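J.: Enclosed is the structure file run28.cif (mmCIF, C-alpha atoms).
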```cif
data_my_file
#
loop_
_atom_site.label_atom_id
_atom_site.label_comp_id
_atom_site.auth_asym_id
_atom_site.auth_seq_id
_atom_site.Cartn_x
_atom_site.Cartn_y
_atom_site.Cartn_z
CA MET C 917 -123.83 28.65 -94.59
CA ARG C 918 -121.33 26.75 -96.54
CA ASP C 919 -120.62 27.86 -100.04
CA LEU C 920 -121.13 25.29 -102.76
CA SER C 921 -121.84 26.27 -106.31
CA PRO C 922 -124.76 25.20 -108.51
CA PRO C 923 -123.83 23.37 -111.69
CA GLY C 924 -125.72 22.99 -114.89
CA PHE C 925 -124.11 25.34 -117.42
CA SER C 926 -120.53 24.20 -117.99
CA LEU C 927 -119.39 23.12 -121.42
CA ILE C 928 -116.34 21.37 -120.00
CA ALA C 929 -116.55 18.21 -117.93
CA PRO C 930 -113.11 17.05 -116.73
CA ASN C 931 -114.34 13.85 -115.11
CA ARG C 932 -117.44 11.71 -114.64
CA ARG C 933 -118.54 13.57 -111.53
CA THR C 934 -118.40 16.97 -113.22
CA LEU C 935 -119.86 15.48 -116.41
CA LEU C 936 -122.98 14.56 -114.47
CA ARG C 937 -123.05 18.02 -112.98
CA ALA C 938 -122.52 19.75 -116.30
CA MET C 939 -125.33 17.75 -117.88
CA GLY C 940 -127.73 19.11 -115.28
CA GLY C 941 -130.76 17.60 -113.62
CA ALA C 942 -131.79 15.12 -116.30
CA ALA C 943 -128.51 13.24 -116.15
CA LEU C 944 -128.55 13.15 -112.39
CA LEU C 945 -132.11 11.91 -112.29
CA GLY C 946 -131.28 9.24 -114.84
CA ALA C 947 -128.39 8.16 -112.64
CA GLY C 948 -130.81 7.51 -109.82
CA ILE C 949 -129.80 10.56 -107.76
CA PRO C 950 -132.83 12.33 -106.23
CA LEU C 951 -133.18 15.90 -107.41
CA LEU C 952 -134.27 18.87 -105.38
CA SER C 953 -136.45 19.85 -108.34
CA ALA C 954 -137.73 16.31 -108.67
CA CYS C 955 -138.76 16.47 -105.05
CA GLY C 956 -140.23 19.76 -106.15
CA GLY C 957 -141.46 22.72 -104.23
CA SER C 958 -143.89 22.10 -101.46
CA GLY C 959 -146.77 22.37 -103.91
CA SER C 960 -149.07 23.76 -101.24
CA ALA C 961 -148.25 27.41 -101.84
CA ALA C 962 -151.36 27.88 -104.02
CA ASP C 963 -153.18 28.25 -100.70
CA PRO C 964 -153.26 32.01 -99.90
CA LYS C 965 -152.60 31.15 -96.28
CA THR C 966 -149.43 29.16 -97.06
CA VAL C 967 -146.04 30.20 -98.42
CA GLY C 968 -143.64 27.55 -99.69
CA LEU C 969 -140.00 28.02 -98.74
CA GLY C 970 -137.04 26.05 -100.09
CA SER C 971 -134.27 25.86 -97.50
CA ASN C 972 -130.65 24.72 -97.50
CA SER C 973 -130.44 25.00 -93.72
CA SER C 974 -130.27 21.31 -92.94
CA ASP C 975 -127.79 21.56 -90.06
CA ALA C 976 -129.45 21.39 -86.65
CA VAL C 977 -128.64 24.87 -85.30
CA PRO C 978 -129.72 27.02 -88.28
CA LYS C 979 -132.68 24.73 -89.02
CA LYS C 980 -134.04 25.31 -85.51
CA ALA C 981 -133.32 29.05 -85.69
CA PHE C 982 -135.22 29.44 -88.96
CA ALA C 983 -138.12 27.36 -87.67
CA GLU C 984 -138.52 29.83 -84.80
CA ILE C 985 -138.58 32.76 -87.22
CA TYR C 986 -141.25 31.12 -89.37
CA ALA C 987 -143.33 30.30 -86.31
CA ALA C 988 -143.20 33.93 -85.20
CA PHE C 989 -144.24 35.08 -88.68
CA THR C 990 -147.16 32.66 -88.72
CA LYS C 991 -148.32 33.88 -85.32
CA LYS C 992 -148.21 37.49 -86.49
CA SER C 993 -149.64 37.07 -90.00
CA GLY C 994 -151.73 33.91 -89.92
CA ILE C 995 -149.76 32.67 -92.93
CA LYS C 996 -148.12 29.25 -92.61
CA VAL C 997 -144.61 28.68 -93.93
CA ASP C 998 -144.32 25.25 -95.55
CA VAL C 999 -140.57 24.56 -95.39
CA ASN C 1000 -138.93 22.28 -97.95
CA THR C 1001 -135.53 21.59 -96.36
CA LYS C 1002 -132.86 19.72 -98.29
CA ASP C 1003 -129.34 18.68 -97.39
CA HIS C 1004 -127.16 21.76 -97.74
CA ASN C 1005 -124.82 20.32 -100.35
CA THR C 1006 -127.66 18.77 -102.36
CA PHE C 1007 -129.50 22.10 -102.40
CA GLN C 1008 -126.43 23.96 -103.67
CA GLU C 1009 -125.58 21.44 -106.36
CA GLN C 1010 -129.14 21.19 -107.70
CA ILE C 1011 -130.20 24.82 -107.35
CA ASN C 1012 -130.17 25.50 -111.10
CA SER C 1013 -132.51 22.62 -111.94
CA TYR C 1014 -134.64 23.50 -108.93
CA LEU C 1015 -135.14 27.12 -109.97
CA GLN C 1016 -135.92 26.19 -113.58
CA GLY C 1017 -138.53 23.67 -112.44
CA THR C 1018 -141.30 24.35 -109.91
CA PRO C 1019 -139.49 25.98 -106.99
CA ASP C 1020 -141.02 27.10 -103.73
CA ASP C 1021 -142.19 30.71 -103.44
CA VAL C 1022 -139.18 31.82 -101.41
CA PHE C 1023 -135.77 30.19 -101.14
CA THR C 1024 -132.64 30.64 -99.06
CA TRP C 1025 -129.61 31.92 -100.94
CA PHE C 1026 -126.57 34.20 -100.93
CA ALA C 1027 -125.91 37.88 -101.58
CA GLY C 1028 -123.75 39.46 -104.27
CA TYR C 1029 -122.68 37.69 -107.45
CA ARG C 1030 -124.49 34.46 -106.59
CA MET C 1031 -127.79 36.29 -106.32
CA GLN C 1032 -127.06 38.37 -109.43
CA PHE C 1033 -126.34 35.27 -111.48
CA PHE C 1034 -129.84 33.83 -111.05
CA ALA C 1035 -131.48 37.24 -111.26
CA SER C 1036 -129.85 37.77 -114.67
CA LYS C 1037 -131.14 34.34 -115.76
CA LYS C 1038 -134.69 35.49 -114.88
CA LEU C 1039 -134.92 32.75 -112.27
CA ALA C 1040 -135.87 35.19 -109.52
CA THR C 1041 -138.46 37.95 -109.09
CA PRO C 1042 -137.49 41.55 -108.24
CA ILE C 1043 -138.56 42.65 -104.76
CA ASP C 1044 -138.28 46.44 -104.89
CA ASP C 1045 -141.68 46.61 -103.18
CA VAL C 1046 -140.25 44.69 -100.23
CA TRP C 1047 -137.28 47.06 -99.98
CA GLN C 1048 -139.58 50.07 -99.84
CA LYS C 1049 -140.62 48.67 -96.46
CA ILE C 1050 -137.31 47.31 -95.15
CA GLY C 1051 -134.68 49.58 -96.75
CA GLY C 1052 -134.16 51.68 -93.65
CA ASN C 1053 -133.09 48.63 -91.68
CA PHE C 1054 -129.89 48.05 -93.64
CA PRO C 1055 -126.63 49.89 -94.31
CA GLU C 1056 -125.61 50.93 -97.81
CA ALA C 1057 -123.20 48.00 -98.16
CA MET C 1058 -126.01 45.50 -97.57
CA GLN C 1059 -128.29 47.34 -99.97
CA LYS C 1060 -125.64 47.07 -102.70
CA LEU C 1061 -125.18 43.36 -102.01
CA SER C 1062 -128.94 42.85 -102.46
CA LYS C 1063 -129.25 44.38 -105.94
CA GLY C 1064 -129.06 42.67 -109.29
CA GLU C 1065 -127.09 43.98 -112.26
CA ASP C 1066 -130.27 45.74 -113.42
CA GLY C 1067 -130.35 47.84 -110.26
CA LYS C 1068 -133.41 46.09 -108.85
CA TYR C 1069 -133.55 44.35 -105.49
CA TYR C 1070 -133.65 40.54 -105.44
CA PHE C 1071 -132.41 39.65 -101.97
CA VAL C 1072 -133.25 40.10 -98.29
CA PRO C 1073 -130.13 39.69 -96.13
CA LEU C 1074 -130.43 38.12 -92.69
CA TYR C 1075 -126.95 37.54 -91.31
CA THR C 1076 -123.28 37.71 -92.16
CA TYR C 1077 -120.12 36.19 -90.73
CA PRO C 1078 -116.35 36.36 -91.29
CA TRP C 1079 -113.91 33.65 -92.21
CA ALA C 1080 -110.90 33.54 -89.89
CA VAL C 1081 -108.45 31.21 -88.18
CA PHE C 1082 -110.08 29.64 -85.11
CA TYR C 1083 -108.29 28.29 -82.05
CA ARG C 1084 -108.80 27.33 -78.41
CA ARG C 1085 -107.54 29.96 -75.98
CA SER C 1086 -106.73 27.30 -73.39
CA VAL C 1087 -104.54 25.41 -75.88
CA PHE C 1088 -102.62 28.56 -76.78
CA ALA C 1089 -102.22 29.42 -73.09
CA ARG C 1090 -101.04 25.93 -72.13
CA HIS C 1091 -98.33 25.87 -74.79
CA GLY C 1092 -97.43 29.55 -74.68
CA TYR C 1093 -98.49 30.21 -78.27
CA THR C 1094 -99.08 33.75 -79.50
CA VAL C 1095 -101.39 34.80 -82.33
CA PRO C 1096 -99.38 35.08 -85.56
CA THR C 1097 -99.77 38.24 -87.63
CA THR C 1098 -97.27 37.48 -90.40
CA TRP C 1099 -96.72 34.48 -92.66
CA ASP C 1100 -93.36 33.67 -91.09
CA ASP C 1101 -94.96 33.70 -87.63
CA PHE C 1102 -97.71 31.43 -88.91
CA ILE C 1103 -95.25 28.89 -90.30
CA ALA C 1104 -93.26 28.96 -87.07
CA LEU C 1105 -96.42 28.34 -85.05
CA CYS C 1106 -97.38 25.39 -87.25
CA LYS C 1107 -93.97 23.85 -86.67
CA ARG C 1108 -94.26 24.32 -82.89
CA MET C 1109 -97.73 22.77 -82.83
CA GLN C 1110 -96.56 19.79 -84.82
CA LYS C 1111 -93.63 19.33 -82.45
CA ASP C 1112 -96.07 19.51 -79.51
CA GLY C 1113 -98.12 16.64 -80.94
CA LEU C 1114 -100.99 18.73 -82.32
CA VAL C 1115 -102.41 18.78 -85.84
CA PRO C 1116 -101.55 22.41 -86.65
CA ILE C 1117 -104.47 23.03 -89.03
CA ALA C 1118 -107.73 21.06 -89.00
CA PHE C 1119 -109.03 20.52 -92.54
CA GLY C 1120 -111.96 18.74 -94.21
CA ASP C 1121 -112.74 19.15 -97.90
CA LYS C 1122 -115.04 16.21 -98.63
CA ASP C 1123 -117.76 18.60 -99.82
CA ALA C 1124 -115.23 20.48 -101.98
CA TRP C 1125 -115.90 24.04 -100.77
CA PRO C 1126 -113.61 24.57 -97.72
CA ALA C 1127 -110.46 24.55 -99.87
CA MET C 1128 -111.84 27.52 -101.79
CA GLY C 1129 -111.76 29.50 -98.55
CA THR C 1130 -108.09 28.65 -98.04
CA PHE C 1131 -107.28 29.77 -101.58
CA ASP C 1132 -109.14 33.06 -101.05
CA GLN C 1133 -107.29 33.93 -97.86
CA ILE C 1134 -103.85 33.28 -99.33
CA ASN C 1135 -104.79 35.10 -102.54
CA PHE C 1136 -106.02 38.23 -100.68
CA ARG C 1137 -102.88 38.39 -98.60
CA THR C 1138 -100.56 37.69 -101.53
CA ASN C 1139 -102.18 39.67 -104.35
CA GLY C 1140 -104.81 41.95 -102.79
CA TYR C 1141 -108.54 42.49 -103.20
CA ASP C 1142 -108.47 43.89 -106.75
CA PHE C 1143 -106.72 40.83 -108.14
CA HIS C 1144 -109.25 38.60 -106.37
CA VAL C 1145 -112.07 40.44 -108.13
CA GLN C 1146 -110.37 40.19 -111.52
CA LEU C 1147 -109.59 36.51 -111.10
CA MET C 1148 -113.12 35.62 -109.98
CA ALA C 1149 -114.59 37.59 -112.90
CA GLY C 1150 -112.50 35.63 -115.42
CA LYS C 1151 -110.44 38.70 -116.32
CA ALA C 1152 -107.13 37.47 -114.89
CA SER C 1153 -105.32 34.32 -115.96
CA TRP C 1154 -104.98 31.28 -113.72
CA THR C 1155 -101.53 30.75 -115.23
CA ASP C 1156 -100.45 34.21 -114.06
CA PRO C 1157 -97.35 33.97 -111.81
CA LYS C 1158 -99.43 35.70 -109.12
CA VAL C 1159 -101.69 32.64 -108.93
CA ARG C 1160 -98.74 30.27 -108.90
CA LYS C 1161 -97.39 32.24 -105.96
CA VAL C 1162 -100.61 31.58 -104.06
CA PHE C 1163 -100.22 27.84 -104.52
CA ASP C 1164 -96.53 28.02 -103.59
CA HIS C 1165 -97.57 29.50 -100.24
CA TRP C 1166 -100.30 26.90 -99.86
CA THR C 1167 -97.85 24.10 -100.62
CA GLU C 1168 -95.67 25.43 -97.82
CA ILE C 1169 -98.41 24.98 -95.20
CA LEU C 1170 -100.13 21.92 -96.70
CA PRO C 1171 -97.96 19.48 -94.68
CA TYR C 1172 -99.36 21.06 -91.51
CA HIS C 1173 -102.96 20.35 -92.52
CA GLN C 1174 -104.96 17.40 -91.25
CA GLU C 1175 -104.27 14.39 -93.49
CA GLY C 1176 -107.01 12.77 -95.58
CA ALA C 1177 -108.88 16.06 -95.95
CA VAL C 1178 -110.74 15.10 -99.14
CA GLY C 1179 -112.47 12.29 -97.26
CA ARG C 1180 -113.46 14.40 -94.24
CA THR C 1181 -116.41 16.79 -93.78
CA TRP C 1182 -115.96 20.22 -92.25
CA GLN C 1183 -117.96 19.07 -89.22
CA ASP C 1184 -115.61 16.15 -88.60
CA ALA C 1185 -112.61 18.44 -88.97
CA ALA C 1186 -114.16 20.78 -86.41
CA GLN C 1187 -114.25 17.96 -83.89
CA ALA C 1188 -110.45 17.90 -83.89
CA LEU C 1189 -110.52 21.50 -82.66
CA VAL C 1190 -113.26 20.73 -80.15
CA ALA C 1191 -111.20 17.84 -78.78
CA LYS C 1192 -108.05 19.99 -78.65
CA LYS C 1193 -106.30 17.66 -81.06
CA ALA C 1194 -105.88 20.44 -83.64
CA GLY C 1195 -104.40 23.84 -82.93
CA MET C 1196 -106.15 25.93 -85.61
CA TYR C 1197 -108.95 25.77 -88.15
CA LEU C 1198 -109.59 28.16 -91.06
CA LEU C 1199 -113.37 28.44 -91.52
CA GLY C 1200 -116.36 30.71 -91.10
CA THR C 1201 -117.70 31.52 -87.64
CA PHE C 1202 -120.35 28.84 -88.15
CA VAL C 1203 -117.69 26.47 -86.84
CA GLY C 1204 -119.04 27.54 -83.43
CA GLN C 1205 -122.14 25.43 -84.10
CA GLN C 1206 -120.01 22.35 -83.49
CA PHE C 1207 -119.07 23.51 -79.99
CA THR C 1208 -122.15 22.22 -78.22
CA ASP C 1209 -120.69 22.48 -74.71
CA LYS C 1210 -120.78 26.07 -73.42
CA SER C 1211 -117.38 25.83 -71.75
CA ASP C 1212 -115.85 24.72 -75.07
CA LEU C 1213 -117.60 27.52 -76.95
CA ASP C 1214 -116.45 30.09 -74.41
CA ASP C 1215 -112.90 28.88 -75.05
CA LEU C 1216 -113.16 29.45 -78.81
CA ASP C 1217 -111.44 32.47 -80.36
CA PHE C 1218 -110.14 33.54 -83.77
CA PHE C 1219 -107.69 35.80 -85.56
CA ALA C 1220 -107.44 37.25 -89.05
CA PHE C 1221 -105.42 35.23 -91.55
CA PRO C 1222 -101.81 36.44 -91.29
CA GLU C 1223 -100.26 39.08 -93.51
CA ILE C 1224 -98.19 37.83 -96.43
CA ASP C 1225 -97.45 40.98 -98.43
CA PRO C 1226 -97.27 44.18 -96.32
CA GLN C 1227 -98.84 46.30 -99.06
CA PHE C 1228 -102.10 44.33 -98.61
CA GLY C 1229 -101.77 43.61 -94.90
CA GLN C 1230 -104.94 42.09 -93.42
CA ASP C 1231 -107.33 44.64 -94.92
CA THR C 1232 -109.60 42.18 -96.79
CA VAL C 1233 -112.18 40.14 -94.90
CA GLU C 1234 -114.27 37.31 -96.36
CA ALA C 1235 -117.78 37.93 -95.02
CA PRO C 1236 -120.50 35.89 -96.80
CA THR C 1237 -124.04 37.17 -96.37
CA ASP C 1238 -127.03 34.80 -96.31
CA GLY C 1239 -130.70 35.54 -96.82
CA PHE C 1240 -133.72 34.97 -99.06
CA MET C 1241 -134.96 35.41 -102.63
CA LEU C 1242 -138.33 35.25 -104.39
CA SER C 1243 -138.63 32.58 -107.10
CA LYS C 1244 -139.54 33.31 -110.73
CA THR C 1245 -143.24 32.37 -110.52
CA PRO C 1246 -144.34 32.26 -106.87
CA LYS C 1247 -147.73 30.63 -106.35
CA ASN C 1248 -148.50 32.88 -103.41
CA HIS C 1249 -146.85 36.15 -104.39
CA ALA C 1250 -148.67 38.29 -101.85
CA GLY C 1251 -147.92 35.93 -98.98
CA ALA C 1252 -144.30 35.61 -100.05
CA VAL C 1253 -143.89 39.40 -100.07
CA LYS C 1254 -145.26 39.56 -96.53
CA LEU C 1255 -142.82 36.86 -95.43
CA LEU C 1256 -139.87 38.66 -97.04
CA GLU C 1257 -140.89 41.92 -95.40
CA TYR C 1258 -140.89 40.17 -92.04
CA LEU C 1259 -137.53 38.49 -92.71
CA GLY C 1260 -136.08 41.97 -93.28
CA THR C 1261 -137.01 43.18 -89.80
CA PRO C 1262 -134.77 43.45 -86.72
CA GLU C 1263 -137.31 41.21 -84.96
CA ALA C 1264 -136.63 38.31 -87.32
CA GLU C 1265 -132.88 38.78 -86.98
CA GLN C 1266 -133.11 38.79 -83.20
CA ILE C 1267 -134.97 35.48 -83.23
CA TYR C 1268 -132.31 33.92 -85.42
CA LEU C 1269 -129.38 35.31 -83.46
CA LYS C 1270 -130.83 34.07 -80.21
CA ALA C 1271 -130.67 30.52 -81.55
CA ASP C 1272 -127.44 30.83 -83.55
CA SER C 1273 -124.72 32.94 -81.95
CA SER C 1274 -122.17 32.06 -84.63
CA VAL C 1275 -123.23 34.92 -86.93
CA VAL C 1276 -124.00 38.65 -86.74
CA ALA C 1277 -127.01 40.60 -87.99
CA ALA C 1278 -127.03 42.17 -91.43
CA SER C 1279 -129.27 44.97 -90.16
CA THR C 1280 -127.89 48.00 -88.35
CA LYS C 1281 -131.08 48.16 -86.29
CA ALA C 1282 -130.77 44.72 -84.72
CA ASP C 1283 -130.12 44.67 -80.98
CA THR C 1284 -126.48 43.71 -80.42
CA SER C 1285 -126.50 44.00 -76.61
CA SER C 1286 -126.65 40.23 -76.21
CA TYR C 1287 -123.79 39.52 -78.61
CA THR C 1288 -121.21 37.03 -77.37
CA ALA C 1289 -117.53 37.88 -77.37
CA LEU C 1290 -117.17 36.07 -80.71
CA GLN C 1291 -120.03 38.02 -82.25
CA LYS C 1292 -118.61 41.34 -81.08
CA LYS C 1293 -115.23 40.40 -82.51
CA SER C 1294 -116.87 39.31 -85.77
CA TYR C 1295 -118.69 42.61 -86.04
CA GLU C 1296 -115.47 44.53 -85.40
CA MET C 1297 -113.58 42.53 -88.00
CA ILE C 1298 -116.24 43.05 -90.66
CA SER C 1299 -116.86 46.73 -89.91
CA GLY C 1300 -113.13 47.46 -89.78
CA ALA C 1301 -112.27 45.84 -93.10
CA LYS C 1302 -111.16 47.91 -96.06
CA SER C 1303 -112.65 45.38 -98.48
CA LEU C 1304 -115.29 42.67 -98.06
CA THR C 1305 -115.69 39.61 -100.24
CA GLN C 1306 -118.33 36.91 -100.30
CA PHE C 1307 -116.37 33.67 -101.02
CA MET C 1308 -114.92 32.18 -104.20
CA ASP C 1309 -118.12 30.42 -105.24
CA ARG C 1310 -120.18 33.53 -104.45
CA ASP C 1311 -117.82 35.96 -106.17
CA SER C 1312 -117.56 34.03 -109.43
CA ARG C 1313 -119.75 32.15 -111.90
CA PRO C 1314 -121.33 29.13 -110.20
CA ASP C 1315 -120.78 26.90 -113.21
CA PHE C 1316 -117.06 27.71 -113.10
CA THR C 1317 -116.55 27.25 -109.37
CA SER C 1318 -118.59 24.05 -109.19
CA THR C 1319 -117.42 22.14 -112.23
CA VAL C 1320 -113.86 23.47 -112.45
CA MET C 1321 -112.54 24.90 -109.19
CA GLN C 1322 -113.91 22.38 -106.72
CA PRO C 1323 -112.34 19.30 -108.37
CA ALA C 1324 -109.20 21.27 -109.28
CA LEU C 1325 -108.52 22.29 -105.69
CA GLN C 1326 -109.17 18.77 -104.47
CA ASN C 1327 -106.67 17.55 -107.05
CA PHE C 1328 -104.15 20.05 -105.69
CA VAL C 1329 -104.70 18.91 -102.10
CA ARG C 1330 -104.12 15.31 -103.18
CA ASN C 1331 -101.12 16.06 -105.39
CA PRO C 1332 -99.64 19.56 -105.01
CA LYS C 1333 -96.73 18.68 -107.31
CA ASN C 1334 -99.14 18.69 -110.26
CA ILE C 1335 -100.01 22.37 -109.81
CA ASP C 1336 -98.78 23.52 -113.24
CA GLY C 1337 -101.04 21.05 -115.02
CA ILE C 1338 -103.94 21.94 -112.74
CA LEU C 1339 -103.61 25.67 -113.40
CA SER C 1340 -103.34 25.16 -117.17
CA SER C 1341 -106.51 23.05 -117.07
CA ILE C 1342 -108.35 25.68 -115.02
CA GLU C 1343 -107.39 28.43 -117.45
CA ARG C 1344 -108.51 26.43 -120.53
CA GLN C 1345 -111.90 25.69 -118.97
CA LYS C 1346 -112.30 29.23 -117.65
CA LYS C 1347 -111.91 30.67 -121.15
CA THR C 1348 -114.63 28.40 -122.53
CA ILE C 1349 -117.08 28.99 -119.67
CA PHE C 1350 -116.69 32.77 -119.44
CA ALA C 1351 -116.87 33.07 -123.24
CA SER C 1352 -120.30 31.45 -123.13
CA SER C 1353 -121.86 34.31 -121.13
#
```
Using structure tokens, write down the structure from this file.

T.:
Amino acid sequence: MRDLSPPGFSLIAPNRRTLLRAMGGAALLGAGIPLLSACGGSGSAADPKTVGLGSNSSDAVPKKAFAEIYAAFTKKSGIKVDVNTKDHNTFQEQINSYLQGTPDDVFTWFAGYRMQFFASKKLATPIDDVWQKIGGNFPEAMQKLSKGEDGKYYFVPLYTYPWAVFYRRSVFARHGYTVPTTWDDFIALCKRMQKDGLVPIAFGDKDAWPAMGTFDQINFRTNGYDFHVQLMAGKASWTDPKVRKVFDHWTEILPYHQEGAVGRTWQDAAQALVAKKAGMYLLGTFVGQQFTDKSDLDDLDFFAFPEIDPQFGQDTVEAPTDGFMLSKTPKNHAGAVKLLEYLGTPEAEQIYLKADSSVVAASTKADTSSYTALQKKSYEMISGAKSLTQFMDRDSRPDFTSTVMQPALQNFVRNPKNIDGILSSIERQKKTIFASS
């Protein structure tokens, strides 16, 4: 579910880490780092009774949920799904080399810009034939998210989920906290939590993507949806005072974040919320996967990121959508089409949702009667939003977000006083990368 961007195209490499990324698979392989493409696809998909599937669902909960879907498909069709699961971050960072090599027939990926990017590079196969079968299962918004720039379908959505500020109801009740709806209220709450001995905001950015979610939320609330779109498309300047204002707000709340964030994973940060050592955590609803005790999960709640500028209110919701794509040259095209058709059914969604209650169905025909309180609230938040976004690294070029934004935001978290230099560097690199398209 997390949102890391594939490298491999950038002309600018600000440090050794991004240099390796920008040089693509060959450099990484030479450095002794195992590649997803080097591991290859499953290789067994030439068998008409087997479909190879590359998966980034390495975390326990989604991995189990997907396994149950594939088992149900096999029972119904007689076609085996040979799953090639890789660590989530590894999959994201090596996706470009993987797709240019010998990928599996089907692979897990993301809707919107991220899907369109690889479709435009001819690294995915159109699936209009699949959508002729499944189209009626999805609302217009999901249909739009599943189309490439050429108007053809390339994606089958499975689930979606909002980003929000999570907290424990019992902690708020014990201390008499109220949910903040404005920036001033949010700052005041952070100060109270700190005084009460809590870490106000849990934070882990070791994998370099969570900070992008923080930037997005502050940017929406400060500058609105339209500016977000322009900035992600490379049409607005990162040295614009509007962007500086975002970082000024972020600097104001950074002291209330968990220290040492760049060395901590999102899962470890979540444990601070589970243990009631942190008061809040800005993340996607998949944070619920870390609440393995039912009583803890039942105590979990969330609220929309507070309003900063009244003209934008809280009308934008970040709601990434995950699903599947068909690779450029599937070995078992017919079997892969059958699998994708099944993945686009309410039945498949129900199987997944039964195992993973941290997300909501992309289909309007899925049975929502068993939704938890968090799922119902997620659905209400998404359906009630004026504007929906996917996430920084899904709404922009993957080479830009991976090689430029991830290290830049980590640099900011380490040293917020250097923000002017960071923004100037981002803008220089953005111009070069977007000019190469």

J.: By how many Å are atom CA of C:Ser1036 and atom CA of C:Thr1280 apart?

T.: 28.3 Å

J.: Going by the chain IDs and residue numbers used in this file, which residues fall under the PyMOL selection byres ((chain C and resi 1139-1143) around 7)? Write them as an mmCIF file with C-alpha atoms, keeping the file's coordinate frame.

T.:
```
data_model
loop_
_atom_site.group_PDB
_atom_site.id
_atom_site.type_symbol
_atom_site.label_atom_id
_atom_site.label_comp_id
_atom_site.auth_asym_id
_atom_site.auth_seq_id
_atom_site.Cartn_x
_atom_site.Cartn_y
_atom_site.Cartn_z
ATOM 1 C CA ASN C 1135 -104.790 35.100 -102.540
ATOM 2 C CA PHE C 1136 -106.020 38.230 -100.680
ATOM 3 C CA ARG C 1137 -102.880 38.390 -98.600
ATOM 4 C CA THR C 1138 -100.560 37.690 -101.530
ATOM 5 C CA HIS C 1144 -109.250 38.600 -106.370
ATOM 6 C CA VAL C 1145 -112.070 40.440 -108.130
ATOM 7 C CA GLN C 1146 -110.370 40.190 -111.520
ATOM 8 C CA LEU C 1147 -109.590 36.510 -111.100
ATOM 9 C CA LYS C 1158 -99.430 35.700 -109.120
ATOM 10 C CA PHE C 1228 -102.100 44.330 -98.610
ATOM 11 C CA THR C 1232 -109.600 42.180 -96.790
ATOM 12 C CA SER C 1303 -112.650 45.380 -98.480
#
```

J.: What lies within 12 Å of C:Phe1218 using all atoms listed in the file, ignoring chain neighbours under 4 positions off, as a PyMOL selection string?

T.: chain C and resi 1078-1085+1088+1094-1096+1195-1201+1203-1204+1213-1214+1222+1289-1294+1297

J.: Work out how far apart atom CA of C:Trp1166 and atom CA of C:Thr1130 are and give it in Å to one decimal.

T.: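 Distance reported for this atom pair: 8.2 Å.
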
J.: So, with only C-alpha atoms as the atoms that count, which of C:Ala1177, C:Leu1189, C:Cys1106, C:Ile1043 lies closest to C:Asn1327?

T.: C:Ala1177

J.: Between atom CA of C:Lys1049 and atom CA of C:Lys1068, what is the distance in Å, rounded to a tenth?

T.: 14.6 Å

J.: Can you tell me which residues surround C:Ser1340 at a distance of at most 8 Å, considering all atoms listed in the file, apart from same-chain residues fewer than 4 positions away, and format the answer as a PDB file with C-alpha atoms, in the coordinates of the input?

T.:
```pdb
ATOM      1  CA  TRP C1154    -104.980  31.280-113.720  1.00  0.00           C
ATOM      2  CA  THR C1155    -101.530  30.750-115.230  1.00  0.00           C
ATOM      3  CA  ASP C1336     -98.780  23.520-113.240  1.00  0.00           C
ATOM      4  CA  ARG C1344    -108.510  26.430-120.530  1.00  0.00           C
TER       5      ARG C1344
END
```

J.: Evaluate the PyMOL selection byres ((chain C and resi 1097) around 8) and record the selected residues as a count of residues only, following the chain and residue labels used in the document.

T.: 10

J.: Please write the residues picked by the PyMOL selection byres ((chain C and resi 1123) around 9) on this file as a PyMOL selection string.

T.: chain C and resi 920+1005+1120-1122+1124-1126+1178-1182+1322

J.: Compile the contact shell of C:Ala987 as a ChimeraX atom specification: residues with an atom at most 10 Å away, counting only C-alpha atoms, same-chain residues fewer than 6 positions apart removed.

T.: /C:993-997

J.: Got a sec: who's within 9 Å of stretch 1267-1278 of chain C, counting all atoms listed in the file, leaving out chain neighbours fewer than 5 positions off, as a VMD selection string?

T.: chain C and resid 977 to 978 980 to 982 984 to 985 988 1053 to 1055 1058 1073 to 1078 1200 to 1205 1237 to 1238 1262 1283 to 1284 1286 to 1288 1290 to 1292 1294 to 1295

J.: If you count all atoms listed in the file, which residues fall within 10 Å of C:Gly970, apart from same-chain ones fewer than 4 positions away, as a list in words?

T.: Leu952, Gly956, Gly957, Ser958, Asp998, Val999, Asn1000, Thr1001, Lys1002, Phe1007, Tyr1014, Pro1019, Asp1020, Asp1021, Val1022, Phe1023, Thr1024, Trp1025, Phe1240, Met1241 and Ser1243 of chain C

J.: My list of candidates is C:Asp1066, C:Asp963, C:Asp1315, C:Asp1045. Which is closest to C:Leu1256 when distances are computed with all atoms listed in the file?

T.: C:Asp1045

J.: My list of candidates is C:Gln1227, C:Gln1110, C:Ser1086, C:Ser1153. Which is closest to C:Val1190 when distances are computed with all atoms listed in the file?

T.: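 Among the listed residues, the smallest separation from C:Val1190 belongs to C:Ser1086.
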
J.: Using all atoms listed in the file, which of the listed residues (C:Ser1062, C:Asn1012, C:Gln1183, C:Thr966) sits closest to C:Ala1252?

T.: C:Thr966
